[in-house]
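Some notes on the structure that comes next.
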Amino acid sequence: MGNTVLPSAATPVIGIDVGGPRKGFHAICLVDGQIVGRQHTSDIPALAQWVRAQAPGVVAIDAPCRWSRGGGRRLAEQQISRAGTACFATPVQEKSGIPFYEWMHNGMALYAALSVPDGGFRLFDGIWPLAQPVLVETFPQAVACALSGQVVRARDKATVRPALLARLGMPVETLKGIDWIDATLCALAAQALARGEHFGFGDVEEGFIVVPRGDWP
């Protein structure tokens, strides 16, 4: 994929909603704001192959990119919470063995499958312009708040998020279920990063969570 600076507008970008091993992954590919591809699978190597085939500049994933270093909330999670949006806390890896965290392990496995050297993507380090294709963590609830310009209620996600995407001109009628909706929100976060229109919570040590830049936070 090379080491040249990425274009800022028409580069393909991908958003991925992460579930556990049974639910799998839902992925949406955008080019200049239009959906050009989608994928649903529980097969990580197959998904990684599909991602690379799209040649995206940014892949935004709804799962932690790093485990907690100190046992408490990562800095990104603390900052999102202070901005008024609740989010799951990522544990230290040694305490991640309970069933609830299976989706986090699934996400970590996807990051590993896509990461350099063999996967071709590096983890976003907070530096823009981007020097090569990147992986970045995002969070659909925070993306919805950023695009709305205010805190919206997570419990209303089944109505708020589709309505938001509809206002943005996305083909909501083809996005059946919250997983596809969330994958599209992730793709919009990826698009924002590709264009330099992003806001990043967190730090290099425990990872950044990126959302579109707006009136929130």
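By convention in this document, the chains of the structure tokens carry letters A, B, ... by their order, each chain's residues are numbered from 1, and ligands are numbered from 1 in the order they are shown.
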Taking the backbone alone, and naming residues the way the document does, which bits of region 80-211 of chain A are helix (DSSP H, G or I) by DSSP, as a PyMOL selection string?
-> chain A and resi 80-82+93-95+99-114+140-148+154-167+172-174+178-195
Residues at most 8 Å from Gly57 (chain A), counting only C-alpha atoms, excluding those fewer than 6 positions away in the same chain, as a ChimeraX atom specification?
-> /A:6,11-13,132-134,194
Could you turn the residues from that selection into a file that holds N, CA and C atoms, as a PDB file, in the first residue's frame?
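Saved the output as out_33.pdb:
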ATOM      1  N   LEU A   6      -1.888  10.083   1.747  1.00  0.00           N
ATOM      2  CA  LEU A   6      -3.166   9.656   1.191  1.00  0.00           C
ATOM      3  C   LEU A   6      -3.969  10.830   0.656  1.00  0.00           C
ATOM      4  N   THR A  11     -10.520   8.674  -1.397  1.00  0.00           N
ATOM      5  CA  THR A  11      -9.930   7.426  -0.943  1.00  0.00           C
ATOM      6  C   THR A  11     -10.998   6.541  -0.308  1.00  0.00           C
ATOM      7  N   PRO A  12     -11.087   5.254  -0.664  1.00  0.00           N
ATOM      8  CA  PRO A  12     -12.023   4.367   0.042  1.00  0.00           C
ATOM      9  C   PRO A  12     -11.706   4.325   1.531  1.00  0.00           C
ATOM     10  N   VAL A  13     -12.738   4.237   2.341  1.00  0.00           N
ATOM     11  CA  VAL A  13     -12.589   4.070   3.789  1.00  0.00           C
ATOM     12  C   VAL A  13     -13.564   2.985   4.226  1.00  0.00           C
ATOM     13  N   GLN A 132       0.467   6.649   5.594  1.00  0.00           N
ATOM     14  CA  GLN A 132       0.151   5.356   4.991  1.00  0.00           C
ATOM     15  C   GLN A 132      -1.195   4.912   5.548  1.00  0.00           C
ATOM     16  N   PRO A 133      -1.802   3.860   4.968  1.00  0.00           N
ATOM     17  CA  PRO A 133      -3.107   3.422   5.463  1.00  0.00           C
ATOM     18  C   PRO A 133      -3.081   3.091   6.948  1.00  0.00           C
ATOM     19  N   VAL A 134      -4.167   3.445   7.642  1.00  0.00           N
ATOM     20  CA  VAL A 134      -4.196   3.283   9.094  1.00  0.00           C
ATOM     21  C   VAL A 134      -5.444   2.553   9.563  1.00  0.00           C
ATOM     22  N   ALA A 194      -9.706  10.500   7.236  1.00  0.00           N
ATOM     23  CA  ALA A 194      -9.041  10.590   5.932  1.00  0.00           C
ATOM     24  C   ALA A 194      -8.998  12.027   5.427  1.00  0.00           C
TER      25      ALA A 194
END
For Ala46 (chain A), which residue out of A:Leu147, A:Ala113, A:Ala163, A:Val211 is the nearest one, using only C-alpha atoms?
-> A:Ala113
Using only C-alpha atoms, the shortest atom-to-atom distance to Ser68 (chain A) among A:Trp50, A:Trp216, A:Glu206, A:Ile98 belongs to A:Glu206
Could the residues of region 45-151 of chain A that have an atom at most 10 Å from region 182-188 of chain A be listed as a tab-separated table, each with its closest atom pair and the distance in Å to one decimal, counting only C-alpha atoms and ordered by chain and ascending residue number?
residue	atom	partner	partner_atom	distance
A:Val58	CA	A:Ala187	CA	8.7
A:Val59	CA	A:Ala187	CA	7.5
A:Ala60	CA	A:Cys186	CA	5.7
A:Ile61	CA	A:Cys186	CA	6.6
A:Asp62	CA	A:Cys186	CA	6.9
A:Val136	CA	A:Cys186	CA	9.8
A:Glu137	CA	A:Cys186	CA	8.8
A:Thr138	CA	A:Cys186	CA	6.3
A:Phe139	CA	A:Cys186	CA	7.0
A:Pro140	CA	A:Asp182	CA	5.6
A:Gln141	CA	A:Asp182	CA	8.4
A:Ala142	CA	A:Leu185	CA	9.5
A:Val143	CA	A:Leu185	CA	6.4
A:Ala144	CA	A:Leu185	CA	7.2
A:Leu147	CA	A:Leu185	CA	9.3
To one decimal place, how far is CA of Thr174 (chain A) from CA of Thr41 (chain A) in Å?
->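 A separation of 17.7 Å between them.
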Could you name the residues that touch Leu30 (chain A) at 8 Å or less, counting only C-alpha atoms, but leaving out those on the same chain fewer than 3 positions away, as a PyMOL selection string?
-> chain A and resi 12-14+33-37+187+191
Backbone DSSP call of strand (DSSP E or B) for region 70-177 of chain A, listed as a ChimeraX atom specification = /A:115,121-123,134-137
Interface rows for region 104-196 of chain A against region 89-93 of chain A: nearest pair, Å to one decimal, 12 Å, only C-alpha atoms, as JSON lines:
{"residue": "A:Met104", "atom": "CA", "partner": "A:Thr90", "partner_atom": "CA", "distance": 8.3}
{"residue": "A:His105", "atom": "CA", "partner": "A:Gln93", "partner_atom": "CA", "distance": 9.4}
{"residue": "A:Met108", "atom": "CA", "partner": "A:Gln93", "partner_atom": "CA", "distance": 10.8}
Interatomic distance (Å, one decimal) between CA of Ala55 (chain A) and CA of Ile16 (chain A) =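 Computing the Euclidean distance for CA of Ala55 (chain A) and CA of Ile16 (chain A) yields 14.8 Å.
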Compare A:Ala109, A:Ile178, A:Leu75, A:Val31 by their minimum atom-to-atom distance to Ala63 (chain A), counting only C-alpha atoms, and give me the closest one.
-> A:Ala109
